[in-house]
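Okay, start-v5.txt now, which holds compact mmCIF, C-alpha atoms:
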```
# COMPACT_ATOMS: atom_id res chain seq x y z
CA MET U 1 0.00 0.00 0.00
CA GLU U 2 1.49 3.30 -1.13
CA ILE U 3 1.39 6.02 1.49
CA LEU U 4 0.47 9.39 0.03
CA SER U 5 1.16 11.27 3.20
CA ASP U 6 2.96 10.29 6.34
CA VAL U 7 2.83 13.51 8.32
CA THR U 8 -0.59 13.17 9.90
CA PHE U 9 -1.31 11.59 13.21
CA ASN U 10 -5.03 11.01 13.51
CA ILE U 11 -5.95 11.56 9.92
CA GLN U 12 -4.35 9.76 7.04
CA LEU U 13 -5.11 9.28 3.38
CA ARG U 14 -3.57 6.31 1.60
CA LYS U 15 -3.82 4.83 -1.83
CA ASN U 16 -5.04 1.22 -2.02
CA THR U 17 -5.33 0.63 -5.74
CA PHE U 18 -5.50 2.82 -8.85
CA CYS U 19 -8.88 4.31 -8.03
CA ASN U 20 -9.30 3.27 -4.45
CA TYR U 21 -8.19 5.27 -1.45
CA GLN U 22 -8.36 4.75 2.25
CA LEU U 23 -9.10 7.58 4.65
CA LYS U 24 -8.44 7.03 8.31
CA VAL U 25 -9.93 9.46 10.81
CA ASP U 26 -9.02 8.36 14.34
CA GLN U 27 -10.12 4.71 14.44
CA LYS U 28 -12.56 4.97 11.58
CA ILE U 29 -11.34 3.59 8.27
CA MET U 30 -13.20 4.53 5.10
CA THR U 31 -12.77 3.54 1.48
CA LEU U 32 -13.20 6.20 -1.16
CA SER U 33 -12.91 6.39 -4.94
CA PHE U 34 -11.06 9.31 -6.55
CA PRO U 35 -14.20 11.29 -7.46
CA GLN U 36 -15.34 10.86 -3.86
CA ILE U 37 -12.05 12.32 -2.68
CA LEU U 38 -12.51 15.31 -4.99
CA GLN U 39 -16.01 15.73 -3.60
CA LEU U 40 -14.68 15.56 -0.04
CA ARG U 41 -12.02 18.15 -0.87
CA HIS U 42 -14.71 20.47 -2.23
CA LYS U 43 -16.87 20.05 0.86
CA ILE U 44 -13.99 20.59 3.26
CA ASN U 45 -12.73 23.67 1.41
CA ASN U 46 -16.22 25.05 1.50
CA LEU U 47 -16.69 24.35 5.22
CA THR U 48 -13.34 25.88 6.12
CA SER U 49 -13.90 29.19 4.37
CA GLU U 50 -13.55 32.03 6.86
CA GLU U 51 -17.28 32.78 6.81
CA ASN U 52 -18.40 29.17 7.28
CA LEU U 53 -15.86 28.46 10.00
CA GLU U 54 -17.11 31.45 11.95
CA HIS U 55 -20.67 30.22 11.54
CA ILE U 56 -19.74 26.74 12.82
CA ILE U 57 -17.83 28.15 15.79
CA GLN U 58 -20.72 30.40 16.78
CA ASN U 59 -23.23 27.55 16.57
CA GLU U 60 -22.66 23.83 17.12
CA ASN U 61 -18.87 23.99 17.03
CA TYR U 62 -18.75 20.76 15.04
CA VAL U 63 -19.88 19.42 11.68
CA LEU U 64 -21.53 16.19 10.65
CA LEU U 65 -20.36 15.30 7.22
CA PHE U 66 -21.56 12.63 4.83
CA ILE U 67 -18.75 11.36 2.64
CA ALA U 68 -18.20 8.77 -0.09
CA ASP U 69 -21.67 9.19 -1.59
CA LYS U 70 -23.26 9.17 1.88
CA LYS U 71 -21.71 5.85 2.78
CA TYR U 72 -20.05 7.23 5.92
CA LEU U 73 -20.93 9.90 8.40
CA LEU U 74 -18.11 11.85 10.04
CA PHE U 75 -18.25 13.86 13.22
CA LEU U 76 -15.62 16.59 13.00
CA GLU U 77 -14.74 19.20 15.54
CA ILE U 78 -12.94 22.31 14.35
CA PRO U 79 -9.34 21.09 14.91
CA LYS U 80 -10.10 17.83 13.15
CA LEU U 81 -11.80 19.64 10.30
CA LEU U 82 -8.68 21.75 9.81
CA ASP U 83 -6.44 18.68 10.03
CA LEU U 84 -8.47 16.98 7.32
CA LYS U 85 -8.22 20.06 5.13
CA GLU U 86 -4.46 20.06 5.59
CA GLU U 87 -4.15 16.38 4.82
CA LEU U 88 -6.17 16.72 1.63
CA SER U 89 -4.33 19.82 0.47
CA TYR U 90 -1.02 18.05 1.12
CA CYS U 91 -2.09 15.14 -1.08
CA PHE U 92 -3.08 17.46 -3.90
CA GLN U 93 -0.09 19.72 -3.45
CA SER U 94 2.34 18.96 -6.24
CA PHE U 95 0.97 19.15 -9.74
CA MET O 1 0.92 14.99 -7.90
CA LYS O 2 3.19 12.54 -6.56
CA THR O 3 2.26 9.93 -9.16
CA ALA O 4 -0.92 8.63 -7.51
CA ILE O 5 -3.02 11.79 -7.79
CA ARG O 6 -1.38 12.82 -11.07
CA LYS O 7 -2.49 9.54 -12.64
CA GLN O 8 -6.08 10.49 -11.89
CA MET O 9 -6.12 14.05 -13.16
CA THR O 10 -4.24 16.26 -15.61
CA ILE O 11 -5.67 19.51 -14.29
CA SER O 12 -4.11 21.36 -11.37
CA THR O 13 -6.47 21.56 -8.39
CA GLU O 14 -5.84 25.30 -8.05
CA VAL O 15 -6.87 25.85 -11.68
CA MET O 16 -9.82 23.51 -11.19
CA ASP O 17 -11.09 25.62 -8.27
CA LEU O 18 -10.80 28.81 -10.33
CA LEU O 19 -12.53 27.17 -13.30
CA ASN O 20 -15.39 26.15 -11.02
CA ASP O 21 -15.68 29.79 -9.94
CA GLN O 22 -15.65 30.69 -13.63
CA ILE O 23 -18.51 28.26 -14.32
CA SER O 24 -20.49 29.99 -11.60
CA LEU O 25 -19.74 33.43 -13.07
CA GLU O 26 -20.72 32.37 -16.60
CA MET O 27 -23.98 30.84 -15.36
CA HIS O 28 -24.73 33.98 -13.41
CA ALA O 29 -24.04 36.04 -16.56
CA SER O 30 -26.41 33.74 -18.47
CA ALA O 31 -29.18 34.27 -15.89
CA SER O 32 -28.51 37.98 -15.87
CA TYR O 33 -28.82 38.18 -19.68
CA LEU O 34 -32.10 36.30 -19.40
CA ALA O 35 -33.43 39.02 -17.07
CA MET O 36 -32.32 41.66 -19.59
CA ALA O 37 -33.97 39.73 -22.42
CA SER O 38 -37.20 39.56 -20.47
CA TRP O 39 -37.18 43.33 -19.85
CA CYS O 40 -36.73 43.95 -23.59
CA ASP O 41 -39.26 41.29 -24.58
CA GLN O 42 -41.96 42.88 -22.42
CA ARG O 43 -41.33 46.23 -24.15
CA GLU O 44 -41.30 44.80 -27.67
CA LEU O 45 -37.68 45.77 -28.25
CA LEU O 46 -37.26 42.97 -30.76
CA ASN O 47 -33.59 43.25 -31.69
CA SER O 48 -32.44 43.73 -28.12
CA LYS O 49 -34.51 40.84 -26.83
CA ALA O 50 -33.06 38.56 -29.55
CA PHE O 51 -29.56 39.80 -28.68
CA PHE O 52 -29.92 39.08 -24.96
CA TYR O 53 -31.60 35.69 -25.44
CA LYS O 54 -28.67 34.78 -27.66
CA GLN O 55 -26.15 36.13 -25.14
CA SER O 56 -27.80 34.11 -22.40
CA GLU O 57 -27.41 30.92 -24.42
CA GLU O 58 -23.84 31.79 -25.31
CA GLU O 59 -22.82 32.32 -21.69
CA ARG O 60 -24.38 29.00 -20.76
CA GLY O 61 -22.45 27.46 -23.63
CA HIS O 62 -19.22 28.88 -22.20
CA ALA O 63 -20.04 27.48 -18.77
CA MET O 64 -20.75 24.06 -20.28
CA LYS O 65 -17.52 24.11 -22.23
CA ILE O 66 -15.55 24.70 -19.02
CA PHE O 67 -17.70 22.21 -17.12
CA GLU O 68 -16.92 19.41 -19.56
CA PHE O 69 -13.24 20.35 -19.73
CA VAL O 70 -12.85 20.11 -15.95
CA ASN O 71 -14.44 16.65 -15.89
CA ASP O 72 -12.52 15.48 -18.97
CA ALA O 73 -9.28 16.52 -17.28
CA GLY O 74 -10.08 14.27 -14.32
CA GLY O 75 -11.34 17.02 -12.05
CA ALA O 76 -14.73 17.59 -10.48
CA ALA O 77 -16.97 20.22 -12.04
CA ILE O 78 -19.44 21.70 -9.58
CA SER O 79 -22.93 22.72 -10.65
CA PRO O 80 -23.16 26.27 -9.28
CA ALA O 81 -25.77 28.02 -7.19
CA ILE O 82 -26.91 31.18 -8.95
CA PRO O 83 -26.94 34.19 -6.62
CA VAL O 84 -29.48 36.98 -6.85
CA VAL O 85 -30.08 38.27 -10.39
CA ASN O 86 -31.11 41.87 -10.97
CA ASN O 87 -34.43 42.12 -12.81
CA ASP O 88 -34.87 45.83 -12.22
CA PHE O 89 -33.59 48.21 -14.91
CA GLU O 90 -34.01 51.90 -15.69
CA GLY O 91 -33.67 51.78 -19.45
CA LEU O 92 -32.16 50.10 -22.48
CA ARG O 93 -28.89 51.98 -22.42
CA GLU O 94 -28.42 51.11 -18.75
CA ILE O 95 -28.96 47.45 -19.65
CA TYR O 96 -26.23 47.53 -22.29
CA GLU O 97 -23.90 49.33 -19.87
CA ALA O 98 -24.55 46.63 -17.26
CA SER O 99 -23.90 44.07 -19.97
CA LEU O 100 -20.48 45.61 -20.73
CA ASP O 101 -19.59 45.68 -17.02
CA GLN O 102 -20.53 42.02 -16.83
CA GLU O 103 -18.40 41.11 -19.84
CA ILE O 104 -15.43 42.97 -18.35
CA GLU O 105 -15.86 41.06 -15.10
CA VAL O 106 -15.90 37.76 -17.02
CA THR O 107 -12.78 38.81 -18.96
CA GLN O 108 -10.90 39.67 -15.77
CA SER O 109 -11.87 36.33 -14.29
CA ILE O 110 -10.67 34.48 -17.41
CA TYR O 111 -7.33 36.31 -17.11
CA LYS O 112 -7.10 35.17 -13.49
CA CYS O 113 -7.59 31.53 -14.53
CA PHE O 114 -5.11 31.94 -17.37
CA LYS O 115 -2.46 33.45 -15.09
CA LYS O 116 -2.90 30.66 -12.55
CA ALA O 117 -2.67 27.96 -15.24
CA ARG O 118 0.55 29.55 -16.46
CA SER O 119 2.03 29.92 -12.98
CA VAL O 120 1.47 26.25 -12.07
CA ASP O 121 2.57 24.92 -15.48
CA ASP O 122 -0.88 23.57 -16.28
CA PHE O 123 -0.34 23.80 -20.04
CA ALA O 124 -3.53 21.96 -21.05
CA SER O 125 -5.69 24.44 -19.17
CA GLU O 126 -3.70 27.36 -20.53
CA VAL O 127 -4.28 26.23 -24.13
CA PHE O 128 -7.95 25.57 -23.36
CA LEU O 129 -8.36 29.08 -21.95
CA GLN O 130 -6.82 30.77 -24.99
CA TRP O 131 -10.12 30.44 -26.86
CA PHE O 132 -11.90 32.27 -24.05
CA VAL O 133 -9.39 35.13 -24.12
CA SER O 134 -10.13 35.76 -27.83
CA GLU O 135 -13.85 35.24 -27.32
CA GLN O 136 -13.98 37.89 -24.61
CA VAL O 137 -12.32 40.48 -26.88
CA GLU O 138 -15.14 39.84 -29.37
CA GLU O 139 -17.87 39.98 -26.72
CA GLU O 140 -16.67 43.26 -25.27
CA ASP O 141 -16.29 44.78 -28.74
CA THR O 142 -19.90 43.91 -29.67
CA VAL O 143 -21.34 45.66 -26.62
CA ARG O 144 -19.06 48.68 -27.05
CA GLY O 145 -20.27 48.96 -30.64
CA ILE O 146 -23.88 49.01 -29.43
CA LEU O 147 -23.13 51.71 -26.87
CA ASP O 148 -21.54 53.76 -29.69
CA THR O 149 -24.85 53.47 -31.59
CA PHE O 150 -26.66 54.89 -28.56
CA ASP O 151 -24.26 57.87 -28.55
CA LEU O 152 -24.69 58.44 -32.27
CA MET O 153 -28.48 58.32 -32.13
CA GLY O 154 -28.76 60.71 -29.20
CA ASP O 155 -32.36 61.26 -28.11
CA MET O 156 -34.09 59.17 -30.77
CA PRO O 157 -37.05 57.05 -29.57
CA LEU O 158 -36.07 53.76 -27.98
CA LYS O 159 -37.85 51.69 -30.62
CA MET O 160 -35.88 53.39 -33.42
CA ILE O 161 -32.59 52.81 -31.65
CA ASP O 162 -33.51 49.17 -31.08
CA GLU O 163 -34.20 48.69 -34.79
CA ARG O 164 -30.61 49.66 -35.54
CA LEU O 165 -29.04 47.31 -33.02
CA PRO O 166 -27.66 43.88 -33.91
CA LYS O 167 -29.67 40.78 -33.00
CA GLU O 168 -26.58 38.79 -32.15
```
Render the structure in this file as structure tokens.
Amino acid sequence: MEILSDVTFNIQLRKNTFCNYQLKVDQKIMTLSFPQILQLRHKINNLTSEENLEHIIQNENYVLLFIADKKYLLFLEIPKLLDLKEELSYCFQSF
Amino acid sequence: MKTAIRKQMTISTEVMDLLNDQISLEMHASASYLAMASWCDQRELLNSKAFFYKQSEEERGHAMKIFEFVNDAGGAAISPAIPVVNNDFEGLREIYEASLDQEIEVTQSIYKCFKKARSVDDFASEVFLQWFVSEQVEEEDTVRGILDTFDLMGDMPLKMIDERLPKE
């Protein structure tokens, strides 16, 4: 299994096969296809915009996020949300 | 993209994000032209209504072109939400002025995408965007030409001005 990123602690994204990726958030392990990863990236970038982050902080202070075509439900507090954003942006970093 | 991601997509994610913003802008322009067409249609300004209906379709066509390119390049095109569209106008000249402002905004946004594609060495996107750069020169020129007609015709009745304007 090729490791795409080895700098995270609780969150890690790995490649299983050509179009199959594994996302680990704490103890939860999820399988995602590439389009699902792109969708996740879009959602996370959207949630972590300055305006949306402020809204989350002033309300529930966490987000519930469906990923992989609603196959999994993630509970993310702000630090974890930011960690996931960082992990994803690291994976997409070098073009 | 350290091999794995690069194998999935040829487009840079930064360019992809900007192109998604561009899709949203083009769709908004399309909706905005539709509002202008409706205003003209209700007032029987036949040439102007035909012009704006055509413009609305063209802008949607641009958005679709980008939409398909993003997906073809392995990225994820996002169907945009259209923000509030102005349906309230003072007159025909004001509509064409708003139309020019809108075209300039689209041009500036295309330049932004182009610059980003160049800065991250995303050559495929850069070549793709070249068509849009030329297209925007044409679009702006058409509207400027129409505004010149307004200046030339001074205080002539609206219907007479409209009859001298292009339909497309």
* Using only C-alpha atoms, collect all residues at a distance of at most 12 Å from (-8.5, 29.1, -6.4) as written in the file, then present them as a list of chain:residue names. =>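 Here the neighbourhood of the point contains U:His42, U:Asn45, U:Asn46, O:Ser12, O:Thr13, O:Glu14, O:Val15, O:Met16, O:Asp17, O:Leu18, O:Leu19, O:Asn20, O:Asp21, O:Gln22, O:Ser109, O:Lys112, O:Cys113, O:Phe114, O:Lys115, O:Lys116, O:Ala117, O:Val120.
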Proximity check chain O to chain U, 9 Å, nearest pairs one decimal Å, all atoms listed in the file, as a tab-separated table:
```
residue	atom	partner	partner_atom	distance
O:Met1	CA	U:Ser94	CA	4.5
O:Lys2	CA	U:Ser94	CA	6.5
O:Ala4	CA	U:Lys15	CA	7.4
O:Ile5	CA	U:Phe92	CA	6.9
O:Arg6	CA	U:Phe95	CA	6.9
O:Lys7	CA	U:Phe18	CA	8.3
O:Gln8	CA	U:Phe34	CA	7.4
O:Thr10	CA	U:Phe95	CA	8.4
O:Ile11	CA	U:Phe95	CA	8.1
O:Ser12	CA	U:Phe95	CA	5.8
O:Thr13	CA	U:Phe92	CA	7.0
O:Asp17	CA	U:His42	CA	8.7
O:Gly74	CA	U:Pro35	CA	8.5
O:Gly75	CA	U:Leu38	CA	7.4
O:Ala76	CA	U:Leu38	CA	6.3
O:Ile78	CA	U:His42	CA	8.8
O:Val120	CA	U:Phe95	CA	7.5
O:Asp121	CA	U:Phe95	CA	8.3
O:Asp122	CA	U:Phe95	CA	8.1
```
* To do: Give as JSON, numbers by chain every residue, naming chains and numbers as the document does, that has an atom within 12 Å of (-17.7, 40.5, -19.5), counting only C-alpha atoms.
  => {"O": [22, 25, 26, 28, 29, 30, 32, 33, 55, 59, 96, 97, 98, 99, 100, 101, 102, 103, 104, 105, 106, 107, 108, 109, 110, 111, 132, 133, 135, 136, 137, 138, 139, 140, 141, 142, 143, 144]}
* All residues 12 Å or closer to Gln58 in chain U, all atoms listed in the file, same chain fewer than 6 positions away omitted, as a PyMOL selection string -> chain U and resi 51-52+78
* Pick from O:Arg118, O:Asp88, O:Arg93, O:Asp72: nearest to Asp162 in chain O, with all atoms listed in the file counted? -> O:Arg93
* Asked: Could you pull the residues within 7 Å of range 63-74 of chain U, counting all atoms listed in the file, minus those fewer than 3 positions along the same chain, as JSON, numbers by chain?
  -> {"U": [32, 36, 40, 77]}
* To do: Go ahead and compute the interatomic distance for CA of Asp41 in chain O and CA of Glu90 in chain O, in Å to one decimal.
  =>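 So the answer is 14.8 Å.
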* Two-atom distance - CA of Asp26 in chain U, CA of Ile44 in chain U (Å) ->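 Computed distance, CA of Asp26 in chain U to CA of Ile44 in chain U, equals 17.2 Å.
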